[in-house]
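Below: structure.cif (mmCIF, C-alpha atoms and all ligand atoms)
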```cif
data_protein
loop_
_atom_site.label_atom_id
_atom_site.label_comp_id
_atom_site.auth_asym_id
_atom_site.auth_seq_id
_atom_site.Cartn_x
_atom_site.Cartn_y
_atom_site.Cartn_z
CA MET K 91 33.27 -9.79 1.20
CA ALA K 92 31.30 -6.91 -0.33
CA PRO K 93 27.74 -6.36 0.84
CA VAL K 94 25.14 -8.40 -1.06
CA THR K 95 21.61 -7.47 -2.07
CA ASN K 96 19.04 -8.37 0.57
CA PRO K 97 15.68 -8.62 -1.24
CA ARG K 98 12.60 -8.39 0.95
CA ILE K 99 8.85 -8.65 0.49
CA VAL K 100 7.15 -5.53 1.82
CA PHE K 101 3.54 -5.07 2.83
CA LYS K 102 3.09 -1.77 1.00
CA GLU K 103 -0.62 -1.08 1.17
CA ARG K 104 -3.68 -2.68 2.77
CA PRO K 105 -6.11 -4.20 0.28
CA GLN K 106 -9.37 -2.42 1.14
CA GLU K 107 -11.41 -5.35 -0.10
CA GLY K 108 -10.90 -8.48 -2.14
CA LEU K 109 -7.62 -10.08 -2.98
CA PRO K 110 -4.22 -8.39 -2.58
CA ILE K 111 -2.51 -7.47 -5.85
CA ALA K 112 1.15 -8.35 -6.40
CA GLY K 113 3.15 -5.19 -7.08
CA LYS K 114 0.53 -2.98 -5.40
CA HIS K 115 -0.21 -4.33 -1.93
CA ILE K 116 2.71 -6.76 -1.72
CA VAL K 117 5.94 -5.65 -3.38
CA LEU K 118 9.50 -6.84 -3.83
CA ASP K 119 12.05 -4.34 -2.49
CA SER K 120 15.58 -5.01 -3.77
CA SER K 121 17.10 -1.73 -2.58
CA HIS K 122 18.71 -3.11 0.61
CA THR K 123 22.14 -4.65 1.01
CA ILE K 124 23.73 -6.55 3.87
CA ASP K 125 27.35 -7.24 4.82
CA LEU K 126 27.10 -10.88 5.79
CA GLU K 127 30.45 -11.03 7.57
CA ASN K 128 30.26 -7.78 9.50
CA VAL K 129 26.61 -7.03 10.19
CA PRO K 130 26.35 -6.75 14.02
CA LEU K 131 24.49 -9.68 15.56
CA ASN K 132 24.19 -8.18 19.06
CA GLY K 133 24.24 -11.61 20.67
CA GLY K 134 21.77 -13.02 18.14
CA TYR K 135 22.25 -14.88 14.87
CA LEU K 136 22.02 -14.38 11.11
CA THR K 137 19.67 -16.52 9.02
CA LYS K 138 19.26 -17.11 5.30
CA SER K 139 15.75 -17.79 4.01
CA LEU K 140 15.33 -21.04 2.10
CA VAL K 141 11.64 -22.00 1.73
CA LEU K 142 8.71 -19.59 2.07
CA SER K 143 5.18 -20.76 2.75
CA PRO K 144 2.33 -18.56 1.45
CA GLU K 145 -0.56 -19.29 3.83
CA PRO K 146 -4.22 -18.17 3.97
CA ALA K 147 -3.70 -16.48 7.39
CA MET K 148 -1.65 -13.82 5.58
CA ARG K 149 -4.86 -12.34 4.14
CA GLU K 150 -6.25 -11.97 7.65
CA ARG K 151 -3.09 -10.15 8.70
CA MET K 152 -3.50 -7.68 5.81
CA ARG K 153 -6.87 -6.41 7.09
CA ASP K 154 -7.39 -3.01 8.66
CA PRO K 155 -6.42 -3.25 12.38
CA SER K 156 -9.84 -1.86 13.35
CA ILE K 157 -11.50 -5.04 12.02
CA THR K 158 -11.72 -7.66 14.76
CA SER K 159 -10.17 -11.03 14.05
CA TYR K 160 -8.01 -13.71 15.67
CA THR K 161 -4.61 -12.38 14.57
CA THR K 162 -2.62 -9.19 14.85
CA THR K 163 -2.19 -7.29 11.55
CA TYR K 164 0.78 -6.48 9.32
CA ILE K 165 2.52 -3.12 9.55
CA THR K 166 2.49 -1.22 6.25
CA GLY K 167 5.97 -0.47 4.95
CA ALA K 168 7.52 -3.36 6.92
CA PRO K 169 8.51 -6.77 5.55
CA ILE K 170 5.80 -9.43 5.54
CA VAL K 171 6.32 -11.71 8.54
CA ALA K 172 5.16 -15.24 7.78
CA PHE K 173 6.19 -18.88 7.91
CA ALA K 174 9.54 -19.93 6.41
CA VAL K 175 12.37 -22.42 6.76
CA VAL K 176 15.78 -20.77 7.21
CA VAL K 177 19.38 -21.80 7.86
CA VAL K 178 21.74 -20.17 10.35
CA VAL K 179 24.79 -18.61 8.64
CA ARG K 180 26.42 -16.84 11.64
CA SER K 181 25.69 -17.01 15.34
CA GLU K 182 26.67 -15.35 18.59
CA LYS K 183 24.09 -17.34 20.52
CA GLU K 184 25.49 -20.43 22.13
CA GLU K 185 22.50 -22.68 21.60
CA VAL K 186 22.08 -21.69 17.93
CA LYS K 187 24.67 -23.30 15.64
CA VAL K 188 25.77 -22.36 12.14
CA GLY K 189 24.18 -24.72 9.60
CA GLN K 190 21.17 -25.38 11.83
CA TYR K 191 17.78 -25.29 10.08
CA MET K 192 15.03 -23.35 11.83
CA TYR K 193 11.38 -22.66 11.01
CA GLY K 194 8.57 -20.36 12.06
CA GLN K 195 7.41 -16.77 11.63
CA THR K 196 10.17 -14.60 10.20
CA PRO K 197 10.43 -11.57 7.90
CA TRP K 198 10.42 -12.54 4.25
CA GLU K 199 13.84 -11.28 3.24
CA ALA K 200 16.96 -13.11 2.06
CA TYR K 201 18.97 -12.52 5.28
CA THR K 202 17.78 -11.52 8.75
CA VAL K 203 19.51 -10.74 12.02
CA GLN K 204 17.50 -12.69 14.59
CA PRO K 205 15.62 -12.29 16.78
CA TYR K 206 13.78 -9.92 14.47
CA ILE K 207 11.96 -7.15 16.34
CA GLU K 208 11.78 -4.02 14.17
CA GLY K 209 8.83 -4.81 11.84
CA ARG K 210 6.91 -6.93 14.31
CA VAL K 211 3.76 -5.73 16.00
CA LYS K 212 4.37 -4.41 19.49
CA PHE K 213 1.64 -6.39 21.16
CA GLU K 214 -0.40 -4.42 23.67
CA PRO K 215 -3.29 -6.77 24.53
CA ASP K 216 -5.65 -3.93 25.49
CA GLN K 217 -5.31 -2.47 21.98
CA TRP K 218 -6.70 -5.62 20.37
CA ALA K 219 -10.05 -7.38 20.64
CA PRO K 220 -10.22 -10.09 23.34
CA GLY K 221 -8.84 -13.39 22.02
CA THR K 222 -6.54 -11.82 19.41
CA PHE K 223 -3.48 -13.98 18.99
CA ASP K 224 -0.09 -12.26 18.74
CA MET K 225 1.24 -14.03 15.63
CA ASP K 226 4.59 -12.31 16.04
CA SER K 227 5.14 -14.09 19.33
CA LEU K 228 5.74 -17.25 17.29
CA VAL K 229 9.52 -17.00 16.92
CA LEU K 230 11.86 -19.40 15.09
CA GLN K 231 12.40 -22.91 16.42
CA PRO K 232 15.02 -25.48 15.35
CA VAL K 233 13.54 -28.02 12.95
CA PRO K 234 12.99 -31.22 14.92
CA ASP K 235 15.02 -33.31 12.47
CA PRO K 236 18.63 -32.14 12.55
CA LYS K 237 19.77 -35.08 10.38
CA GLY K 238 17.74 -33.82 7.42
CA ALA K 239 15.70 -36.97 6.79
CA TYR K 240 12.74 -34.95 5.54
CA PRO K 241 12.78 -32.46 2.62
CA LEU K 242 12.81 -28.92 4.01
CA SER K 243 9.52 -28.10 2.26
CA THR K 244 7.83 -30.73 4.46
CA TYR K 245 8.25 -28.27 7.34
CA THR K 246 5.86 -25.86 5.60
CA ASN K 247 3.26 -28.58 5.28
CA ILE K 248 2.77 -31.87 7.10
CA LEU K 249 5.54 -31.17 9.66
CA GLY K 250 4.66 -27.47 9.92
CA THR K 251 1.56 -25.35 10.58
CA PRO K 252 -0.88 -27.22 8.29
CA GLY K 253 0.15 -30.58 9.75
CA MET K 254 -0.06 -29.35 13.32
CA THR K 255 -3.47 -27.76 12.56
CA ALA K 256 -4.89 -30.97 11.15
CA PHE K 257 -3.49 -33.03 14.02
CA VAL K 258 -4.67 -30.85 16.91
CA GLY K 259 -8.03 -30.27 15.22
CA MET K 260 -8.57 -33.99 14.75
CA GLU K 261 -7.38 -35.00 18.22
CA GLY K 262 -8.52 -32.03 20.28
CA VAL K 263 -11.61 -30.69 18.50
CA LEU K 264 -13.26 -33.12 16.12
CA GLN K 265 -12.27 -36.39 17.80
CA GLY K 266 -13.23 -38.47 14.78
CA LYS K 267 -14.50 -41.99 15.37
CA LYS K 268 -14.50 -45.21 13.36
CA ASP K 269 -17.35 -45.63 10.85
CA GLU K 270 -18.42 -41.99 11.08
CA THR K 271 -18.77 -40.00 7.86
CA LEU K 272 -16.67 -36.85 7.72
CA PHE K 273 -16.91 -34.04 5.18
CA VAL K 274 -13.71 -31.99 4.67
CA SER K 275 -13.98 -28.76 2.67
CA SER K 276 -10.85 -27.66 0.78
CA GLY K 277 -9.59 -31.21 1.18
CA ALA K 278 -6.65 -30.67 -1.17
CA SER K 279 -5.18 -27.84 0.93
CA GLY K 280 -2.21 -28.53 3.18
CA VAL K 281 -4.53 -28.85 6.19
CA GLY K 282 -7.29 -30.70 4.34
CA SER K 283 -4.99 -33.27 2.77
CA LEU K 284 -3.76 -34.35 6.19
CA VAL K 285 -7.26 -34.31 7.67
CA ILE K 286 -8.31 -36.79 4.97
CA GLN K 287 -5.40 -39.09 5.83
CA LEU K 288 -5.84 -38.87 9.61
CA ALA K 289 -9.57 -39.53 9.28
CA LYS K 290 -8.93 -42.61 7.15
CA MET K 291 -6.46 -43.89 9.76
CA LYS K 292 -9.27 -43.58 12.30
CA GLY K 293 -11.57 -45.67 10.10
CA MET K 294 -13.86 -42.82 9.03
CA LYS K 295 -15.60 -42.50 5.68
CA VAL K 296 -14.40 -39.26 4.05
CA ILE K 297 -16.10 -36.90 1.61
CA ALA K 298 -13.85 -34.10 0.37
CA SER K 299 -14.25 -31.01 -1.83
CA ALA K 300 -11.88 -28.78 -3.80
CA GLY K 301 -11.98 -26.43 -6.78
CA SER K 302 -10.42 -28.42 -9.63
CA ASP K 303 -10.49 -31.89 -11.17
CA ALA K 304 -6.76 -32.35 -10.53
CA LYS K 305 -7.40 -31.74 -6.83
CA VAL K 306 -10.29 -34.24 -6.86
CA LYS K 307 -7.86 -36.86 -8.18
CA PHE K 308 -5.35 -35.90 -5.49
CA MET K 309 -7.93 -36.22 -2.68
CA LEU K 310 -8.99 -39.66 -3.93
CA SER K 311 -5.31 -40.70 -4.02
CA LEU K 312 -5.09 -39.74 -0.33
CA GLY K 313 -7.90 -42.13 0.49
CA ALA K 314 -11.05 -39.96 0.32
CA ASP K 315 -14.03 -42.20 -0.38
CA ASN K 316 -15.86 -39.50 -2.34
CA ALA K 317 -14.42 -36.28 -3.69
CA PHE K 318 -16.02 -33.54 -5.77
CA ASN K 319 -15.18 -30.30 -7.59
CA TYR K 320 -17.41 -27.61 -6.06
CA LYS K 321 -17.05 -25.58 -9.28
CA LYS K 322 -18.90 -28.35 -11.14
CA GLU K 323 -21.19 -29.84 -8.51
CA SER K 324 -22.72 -27.81 -5.68
CA TYR K 325 -21.88 -28.69 -2.08
CA GLY K 326 -25.58 -29.43 -1.51
CA GLU K 327 -25.87 -31.83 -4.47
CA ALA K 328 -22.72 -33.68 -3.43
CA LEU K 329 -23.65 -34.03 0.26
CA LYS K 330 -27.15 -35.16 -0.63
CA LYS K 331 -25.55 -37.92 -2.71
CA TYR K 332 -22.66 -38.93 -0.39
CA GLY K 333 -23.97 -37.93 3.06
CA PRO K 334 -25.43 -37.61 5.61
CA ILE K 335 -22.43 -36.64 7.73
CA HIS K 336 -21.56 -37.15 11.38
CA ALA K 337 -18.72 -34.65 11.35
CA PHE K 338 -17.57 -31.65 9.32
CA TRP K 339 -14.09 -30.16 9.01
CA ASP K 340 -14.55 -26.71 7.54
CA ASN K 341 -11.79 -24.76 5.82
CA VAL K 342 -14.13 -22.72 3.59
CA GLY K 343 -17.34 -21.46 5.27
CA ALA K 344 -20.15 -19.99 3.11
CA GLU K 345 -21.89 -22.57 0.84
CA ALA K 346 -19.79 -25.45 2.23
CA LEU K 347 -20.89 -24.70 5.79
CA ASP K 348 -24.50 -24.15 4.77
CA ALA K 349 -24.70 -27.47 2.93
CA ALA K 350 -23.07 -29.27 5.89
CA LEU K 351 -25.74 -27.80 8.20
CA GLU K 352 -28.42 -29.15 5.89
CA PHE K 353 -26.96 -32.63 5.32
CA CYS K 354 -25.54 -33.45 8.73
CA LEU K 355 -27.06 -35.84 11.23
CA PRO K 356 -28.44 -34.74 14.61
CA GLN K 357 -25.64 -34.22 17.18
CA ALA K 358 -23.06 -33.80 14.40
CA ARG K 359 -19.76 -32.15 15.32
CA PHE K 360 -18.25 -29.30 13.32
CA ALA K 361 -14.59 -28.25 13.61
CA ILE K 362 -14.33 -24.78 12.07
CA CYS K 363 -10.72 -24.38 10.98
CA GLY K 364 -10.89 -21.61 8.39
CA ALA K 365 -13.07 -19.57 6.06
CA SER K 366 -11.15 -19.28 2.81
CA GLY K 367 -14.45 -18.90 0.96
CA THR K 368 -15.05 -15.55 2.62
CA ASP K 369 -11.60 -14.31 3.66
CA SER K 370 -11.11 -12.13 0.59
CA ILE K 371 -14.72 -11.07 0.09
CA PRO K 372 -16.03 -7.68 1.29
CA TYR K 373 -18.29 -8.14 4.31
CA ASP K 374 -21.48 -6.95 2.56
CA ASP K 375 -21.05 -9.38 -0.32
CA ARG K 376 -20.60 -12.44 1.86
CA TYR K 377 -22.79 -15.48 1.54
CA ARG K 378 -25.59 -15.60 4.13
CA LEU K 379 -26.32 -18.94 5.80
CA LYS K 380 -29.79 -20.30 5.06
CA ASN K 381 -29.60 -23.29 7.39
CA ALA K 382 -28.44 -21.69 10.65
CA SER K 383 -31.63 -22.86 12.40
CA GLN K 384 -30.35 -26.44 12.04
CA ILE K 385 -27.78 -25.70 14.75
CA GLN K 386 -30.53 -25.72 17.33
CA LYS K 387 -32.85 -28.21 15.66
CA LYS K 388 -30.12 -30.85 15.25
CA ARG K 389 -28.35 -29.96 18.54
CA LEU K 390 -25.04 -29.48 16.72
CA LYS K 391 -21.71 -29.03 18.42
CA ILE K 392 -19.77 -26.38 16.49
CA GLN K 393 -16.30 -25.33 17.57
CA GLY K 394 -13.94 -22.87 15.96
CA PHE K 395 -10.27 -23.20 16.85
CA VAL K 396 -6.85 -21.62 16.36
CA VAL K 397 -3.85 -23.94 16.37
CA PRO K 398 -1.58 -22.08 18.86
CA ASP K 399 -4.20 -22.64 21.58
CA TYR K 400 -3.60 -26.39 21.30
CA ILE K 401 0.16 -26.55 20.79
CA PRO K 402 1.06 -26.90 24.50
CA GLN K 403 -1.29 -29.86 24.80
CA PHE K 404 -0.51 -31.67 21.54
CA ALA K 405 2.99 -30.70 20.31
CA ALA K 406 4.80 -33.60 21.98
CA GLN K 407 2.30 -36.16 20.66
CA PHE K 408 2.47 -34.58 17.18
CA PHE K 409 6.27 -34.84 17.01
CA GLN K 410 6.22 -38.36 18.36
CA GLU K 411 3.65 -39.68 15.91
CA VAL K 412 3.55 -37.66 12.68
CA PRO K 413 7.22 -37.63 11.52
CA ALA K 414 7.40 -41.40 12.05
CA LEU K 415 4.25 -41.92 9.98
CA VAL K 416 5.71 -39.72 7.22
CA ALA K 417 8.97 -41.71 7.29
CA GLN K 418 7.01 -44.97 7.01
CA GLY K 419 5.07 -43.60 4.03
CA LYS K 420 1.79 -43.84 5.94
CA LEU K 421 1.18 -40.09 5.72
CA LYS K 422 1.92 -38.16 2.52
CA SER K 423 2.98 -34.54 2.23
CA LYS K 424 2.72 -32.88 -1.17
CA GLU K 425 4.30 -29.51 -1.76
CA ASN K 426 4.21 -27.59 -5.02
CA THR K 427 7.07 -25.23 -5.84
CA VAL K 428 5.29 -22.21 -7.32
CA GLY K 429 8.39 -20.01 -7.51
CA GLU K 430 12.16 -20.18 -7.22
CA LYS K 431 13.18 -16.55 -6.86
CA TRP K 432 12.24 -13.48 -4.86
CA ASP K 433 10.47 -11.90 -7.87
CA ASP K 434 7.96 -14.78 -7.75
CA VAL K 435 6.93 -14.22 -4.14
CA PRO K 436 4.32 -11.40 -4.35
CA GLN K 437 2.40 -13.26 -7.07
CA SER K 438 2.63 -16.54 -5.15
CA ILE K 439 0.78 -14.91 -2.24
CA ALA K 440 -1.93 -13.46 -4.50
CA ASP K 441 -2.37 -16.81 -6.31
CA MET K 442 -2.57 -18.85 -3.12
CA LEU K 443 -5.55 -16.76 -1.96
CA LYS K 444 -7.60 -17.36 -5.12
CA SER K 445 -10.34 -19.98 -5.17
CA GLY K 446 -10.30 -22.94 -7.52
CA HIS K 447 -6.71 -22.49 -8.67
CA ASP K 448 -4.91 -25.56 -9.90
CA ILE K 449 -1.98 -25.66 -7.50
CA VAL K 450 -2.15 -29.20 -6.18
CA GLY K 451 -0.35 -29.47 -2.85
CA LYS K 452 0.93 -26.85 -0.44
CA PRO K 453 2.39 -23.90 -2.39
CA VAL K 454 6.01 -23.07 -1.52
CA VAL K 455 8.62 -20.69 -2.91
CA THR K 456 12.21 -21.89 -2.70
CA VAL K 457 14.22 -18.68 -2.52
CA GLY K 458 17.55 -20.00 -1.28
CA SER K 459 19.78 -23.02 -1.00
CA VAL K 460 22.63 -23.92 1.33
N1 LIG H 1 -7.41 -22.62 12.65
C1 LIG H 1 -6.11 -22.56 12.46
O1 LIG H 1 -5.33 -22.41 13.40
C2 LIG H 1 -5.56 -22.67 11.08
C3 LIG H 1 -4.19 -22.86 10.83
C4 LIG H 1 -3.74 -23.02 9.51
C5 LIG H 1 -4.67 -22.97 8.46
N2 LIG H 1 -5.99 -22.76 8.75
C6 LIG H 1 -7.00 -22.72 7.68
O2 LIG H 1 -6.99 -23.98 7.02
C7 LIG H 1 -7.40 -23.78 5.66
C8 LIG H 1 -6.38 -24.42 4.75
O3 LIG H 1 -5.10 -23.80 4.99
P1 LIG H 1 -3.79 -24.29 4.20
O4 LIG H 1 -2.63 -23.54 4.71
O5 LIG H 1 -3.78 -25.75 4.23
O6 LIG H 1 -4.16 -23.75 2.75
P2 LIG H 1 -3.60 -23.97 1.28
O7 LIG H 1 -2.92 -25.29 1.16
O8 LIG H 1 -2.86 -22.75 0.88
O9 LIG H 1 -4.96 -24.02 0.48
C9 LIG H 1 -5.89 -23.01 0.55
C10 LIG H 1 -7.06 -23.40 -0.38
O10 LIG H 1 -8.22 -22.68 -0.03
C11 LIG H 1 -9.10 -22.80 -1.14
N3 LIG H 1 -9.84 -21.57 -1.36
C12 LIG H 1 -9.35 -20.34 -1.57
N4 LIG H 1 -10.37 -19.47 -1.80
C13 LIG H 1 -11.50 -20.20 -1.74
C14 LIG H 1 -12.88 -19.90 -1.93
N5 LIG H 1 -13.28 -18.65 -2.23
N6 LIG H 1 -13.78 -20.89 -1.79
C15 LIG H 1 -13.39 -22.16 -1.50
N7 LIG H 1 -12.10 -22.50 -1.31
C16 LIG H 1 -11.19 -21.54 -1.45
C17 LIG H 1 -8.24 -23.11 -2.36
O11 LIG H 1 -8.47 -24.45 -2.77
P3 LIG H 1 -9.83 -24.97 -3.43
O12 LIG H 1 -10.66 -23.79 -3.78
O13 LIG H 1 -9.42 -25.74 -4.64
O14 LIG H 1 -10.41 -25.84 -2.38
C18 LIG H 1 -6.84 -23.04 -1.81
O15 LIG H 1 -5.97 -23.95 -2.44
C19 LIG H 1 -7.58 -22.28 5.48
O16 LIG H 1 -8.94 -21.96 5.64
C20 LIG H 1 -6.77 -21.68 6.60
O17 LIG H 1 -7.23 -20.40 6.99
C21 LIG H 1 -6.44 -22.61 10.01
#
```
Since I need it in another form, could you write the structure as structure tokens?
Ligand SMILES: NC(=O)c1ccc[n+]([C@@H]2O[C@H](COP(=O)([O-])OP(=O)(O)OC[C@H]3O[C@@H](n4cnc5c(N)ncnc54)[C@H](OP(=O)(O)O)[C@@H]3O)[C@@H](O)[C@H]2O)c1
Amino acid sequence: MAPVTNPRIVFKERPQEGLPIAGKHIVLDSSHTIDLENVPLNGGYLTKSLVLSPEPAMRERMRDPSITSYTTTYITGAPIVAFAVVVVVRSEKEEVKVGQYMYGQTPWEAYTVQPYIEGRVKFEPDQWAPGTFDMDSLVLQPVPDPKGAYPLSTYTNILGTPGMTAFVGMEGVLQGKKDETLFVSSGASGVGSLVIQLAKMKGMKVIASAGSDAKVKFMLSLGADNAFNYKKESYGEALKKYGPIHAFWDNVGAEALDAALEFCLPQARFAICGASGTDSIPYDDRYRLKNASQIQKKRLKIQGFVVPDYIPQFAAQFFQEVPALVAQGKLKSKENTVGEKWDDVPQSIADMLKSGHDIVGKPVVTVGSV
């Protein structure tokens, strides 16, 4: 068979501030080809990309390496390495079979000889700030459902990183309790939508926010008791009306965090999962907290967390409980196909990072089929 085109998504240039621009910072490179039958595997295996998952952590990985954060950064000129579901098309590795679905961090290109090393960060811990997590150490794993009972896109959402994040955060960090009131910011995101559902299963009252009316409807359909559009009603107004809160799950930071500090009860617990409200904003322009003194006055317990830290402790419980609840229809996973070809991928990343967009459900790009 003649070589085929092997499109890839390249991290061309670091956005100095603000959002990345498709075609400038993230580009499609269609100049490569691959001979699928003869490319040397060197004892590894060849995968075909099927479903790509644009995720907020990608913005963090685009920052300048001199800026301290919790992840390693992307290498300019190399393919973007991020979460995807792939299928094995050839293998020289005994435990990896042709036709097997795998998921995890992988270069965003149509075909890849695995394990992929070339464009990954060579992690030297002393070159990074203490606590930096080597994202590239997260290699592909077989999907835990070889029979294919779940749609593959589910592995980018409830059965993938967002689902695991919500689960470990709820069990290991927030430890929600019956009859408590929880506020979830960005409640329509992949993570937030599962937090709402897990909190309801625990008997909590849930207040949730997002940036569009369609998302408000979605959050109510997941069981949120009160949901609001922060573009129409301020976080403060909404929490004054629906609060006070015992617990806060924060995906946004900025105004959401400030309002939670003001309208929480003494001894409230905060699980800080993300900061999408500030991720793409230059440092000097960021919102300044007005209510930070409440941390001491109300004796708050505030904990930031990163999901890989909790995987060893909670992975087994997650895989035992969550897929079964999805199969029984007790937990819902909503994915939104925002593109179906490689040309769509750079824009899908830029769109995912914008606030208040109307993509309801976890954005995915389906670039391949079996
Ligand atoms: N700690 C961890 O280990 C970990 C792991 C995975 C994800 N996360 C975090 O969890 C959060 C959700 O992730 P996901 O993968 O579920 O995301 P997602 O489904 O892609 O949704 C991200 C949402 O963030 C919101 N957003 C973007 N810019 C915003 C802004 N300026 N102000 C307010 N909201 C804004 C948007 O919705 P609306 O504006 O409509 O709300 C967007 O839909 C993110 O903060 C992410 O960084 C953390």
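Within the 12 Å cut-off around Ile371 (chain K), using only C-alpha atoms and omitting residues fewer than 3 positions from it on the same chain, the listed residues are K:Pro105, K:Gln106, K:Glu107, K:Gly108, K:Leu109, K:Pro110, K:Arg149, K:Glu150, K:Arg153, K:Gly343, K:Ala344, K:Ala365, K:Ser366, K:Gly367, K:Thr368, K:Asp374, K:Asp375, K:Arg376, K:Tyr377, K:Leu443, K:Lys444, K:Ser445.
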Counting all atoms listed in the file, what residues are within 6 Å of ligand LIG 1 (chain H), given as an mmCIF file with C-alpha atoms, in the frame of the given file?
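Dumped to part-v2.cif:
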```
data_model
loop_
_atom_site.group_PDB
_atom_site.id
_atom_site.type_symbol
_atom_site.label_atom_id
_atom_site.label_comp_id
_atom_site.auth_asym_id
_atom_site.auth_seq_id
_atom_site.Cartn_x
_atom_site.Cartn_y
_atom_site.Cartn_z
ATOM 1 C CA GLU K 145 -0.560 -19.290 3.830
ATOM 2 C CA PRO K 146 -4.220 -18.170 3.970
ATOM 3 C CA ALA K 147 -3.700 -16.480 7.390
ATOM 4 C CA THR K 251 1.560 -25.350 10.580
ATOM 5 C CA PRO K 252 -0.880 -27.220 8.290
ATOM 6 C CA THR K 255 -3.470 -27.760 12.560
ATOM 7 C CA SER K 276 -10.850 -27.660 0.780
ATOM 8 C CA SER K 279 -5.180 -27.840 0.930
ATOM 9 C CA GLY K 280 -2.210 -28.530 3.180
ATOM 10 C CA VAL K 281 -4.530 -28.850 6.190
ATOM 11 C CA ALA K 300 -11.880 -28.780 -3.800
ATOM 12 C CA GLY K 301 -11.980 -26.430 -6.780
ATOM 13 C CA SER K 302 -10.420 -28.420 -9.630
ATOM 14 C CA ASN K 341 -11.790 -24.760 5.820
ATOM 15 C CA VAL K 342 -14.130 -22.720 3.590
ATOM 16 C CA CYS K 363 -10.720 -24.380 10.980
ATOM 17 C CA GLY K 364 -10.890 -21.610 8.390
ATOM 18 C CA ALA K 365 -13.070 -19.570 6.060
ATOM 19 C CA SER K 366 -11.150 -19.280 2.810
ATOM 20 C CA GLY K 367 -14.450 -18.900 0.960
ATOM 21 C CA PHE K 395 -10.270 -23.200 16.850
ATOM 22 C CA VAL K 396 -6.850 -21.620 16.360
ATOM 23 C CA VAL K 397 -3.850 -23.940 16.370
ATOM 24 C CA MET K 442 -2.570 -18.850 -3.120
ATOM 25 C CA LEU K 443 -5.550 -16.760 -1.960
ATOM 26 C CA LYS K 444 -7.600 -17.360 -5.120
ATOM 27 C CA SER K 445 -10.340 -19.980 -5.170
ATOM 28 C CA GLY K 446 -10.300 -22.940 -7.520
ATOM 29 C CA HIS K 447 -6.710 -22.490 -8.670
ATOM 30 C CA LYS K 452 0.930 -26.850 -0.440
#
```
### Message
Just want the 10 Å neighbourhood of Ile335 (chain K), counted on all atoms listed in the file, with same-chain residues fewer than 6 positions away dropped. Output as JSON, numbers by chain.
### Response
{"K": [270, 271, 272, 273, 295, 296, 297, 329, 350, 351, 352, 353, 354, 355, 356, 358, 359]}
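Among the candidate residues K:Leu131, K:Ala219, K:Ala200, K:Ala168, the one lying nearest to Ser156 (chain K) is K:Ala219, with distances computed using all atoms listed in the file.
Nearest to Lys290 (chain K) of all the residues K:Met192, K:Lys420, K:Ile170, K:Ala239 is K:Lys420, counting only C-alpha atoms.
Interatomic distance, CA of Val171 (chain K) against CA of Glu185 (chain K): 23.5 Å.
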Using all atoms listed in the file, determine which residues lie at most 6 Å from Ala278 (chain K), disregarding the query and same-chain residues fewer than 2 positions distant; provide the list as a PDB file with C-alpha atoms, keeping the file's coordinate frame.
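out-v5.pdb written:
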```pdb
ATOM      1  CA  SER K 276     -10.850 -27.660   0.780  1.00  0.00           C
ATOM      2  CA  GLY K 282      -7.290 -30.700   4.340  1.00  0.00           C
ATOM      3  CA  SER K 283      -4.990 -33.270   2.770  1.00  0.00           C
ATOM      4  CA  LYS K 305      -7.400 -31.740  -6.830  1.00  0.00           C
ATOM      5  CA  MET K 309      -7.930 -36.220  -2.680  1.00  0.00           C
TER       6      MET K 309
END
```
### Task
Fewer than 3 positions away in the same chain doesn't count, so skip those; otherwise give me all residues within 8 Å of region 119-129 of chain K, counting all atoms listed in the file, as an NGL selection string.
:K and (91-100 or 201)
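You will find CA of Asp448 (chain K) at 11.5 Å from CA of Asn319 (chain K).
Residues of protein, DNA and RNA with at least one atom no farther than 8 Å from (-3.0, -35.9, 5.8) are, using all atoms listed in the file, K:Ile248, K:Gly253, K:Ala256, K:Gly280, K:Val281, K:Gly282, K:Ser283, K:Leu284, K:Val285, K:Ile286, K:Gln287, K:Leu288, K:Leu312, K:Leu421, K:Lys422, K:Ser423.
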### Query
Any idea what the distance is between CA of Pro215 (chain K) and CA of Phe173 (chain K)?
22.6 Å
### Task
Using only C-alpha atoms, give me every residue within 9 Å of (28.0, -18.5, 12.8) in file coordinates, as an MDAnalysis selection string.
chainID K and resid 135:136 178:183 186:189
### Message
I want to know what sits within 7 Å of region 139-141 of chain K, based on only C-alpha atoms, with residues of the same chain fewer than 4 positions away left out; could you give that as a PyMOL selection string?
### Response
chain K and resi 174-177+199-201+243+454-459
Now that the selection is made, can you save its residues with C-alpha atoms as a PDB file, in the coordinates of the input?
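Ended up saving to part-v2.pdb:
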```
ATOM      1  CA  ALA K 174       9.540 -19.930   6.410  1.00  0.00           C
ATOM      2  CA  VAL K 175      12.370 -22.420   6.760  1.00  0.00           C
ATOM      3  CA  VAL K 176      15.780 -20.770   7.210  1.00  0.00           C
ATOM      4  CA  VAL K 177      19.380 -21.800   7.860  1.00  0.00           C
ATOM      5  CA  GLU K 199      13.840 -11.280   3.240  1.00  0.00           C
ATOM      6  CA  ALA K 200      16.960 -13.110   2.060  1.00  0.00           C
ATOM      7  CA  TYR K 201      18.970 -12.520   5.280  1.00  0.00           C
ATOM      8  CA  SER K 243       9.520 -28.100   2.260  1.00  0.00           C
ATOM      9  CA  VAL K 454       6.010 -23.070  -1.520  1.00  0.00           C
ATOM     10  CA  VAL K 455       8.620 -20.690  -2.910  1.00  0.00           C
ATOM     11  CA  THR K 456      12.210 -21.890  -2.700  1.00  0.00           C
ATOM     12  CA  VAL K 457      14.220 -18.680  -2.520  1.00  0.00           C
ATOM     13  CA  GLY K 458      17.550 -20.000  -1.280  1.00  0.00           C
ATOM     14  CA  SER K 459      19.780 -23.020  -1.000  1.00  0.00           C
TER      15      SER K 459
END
```
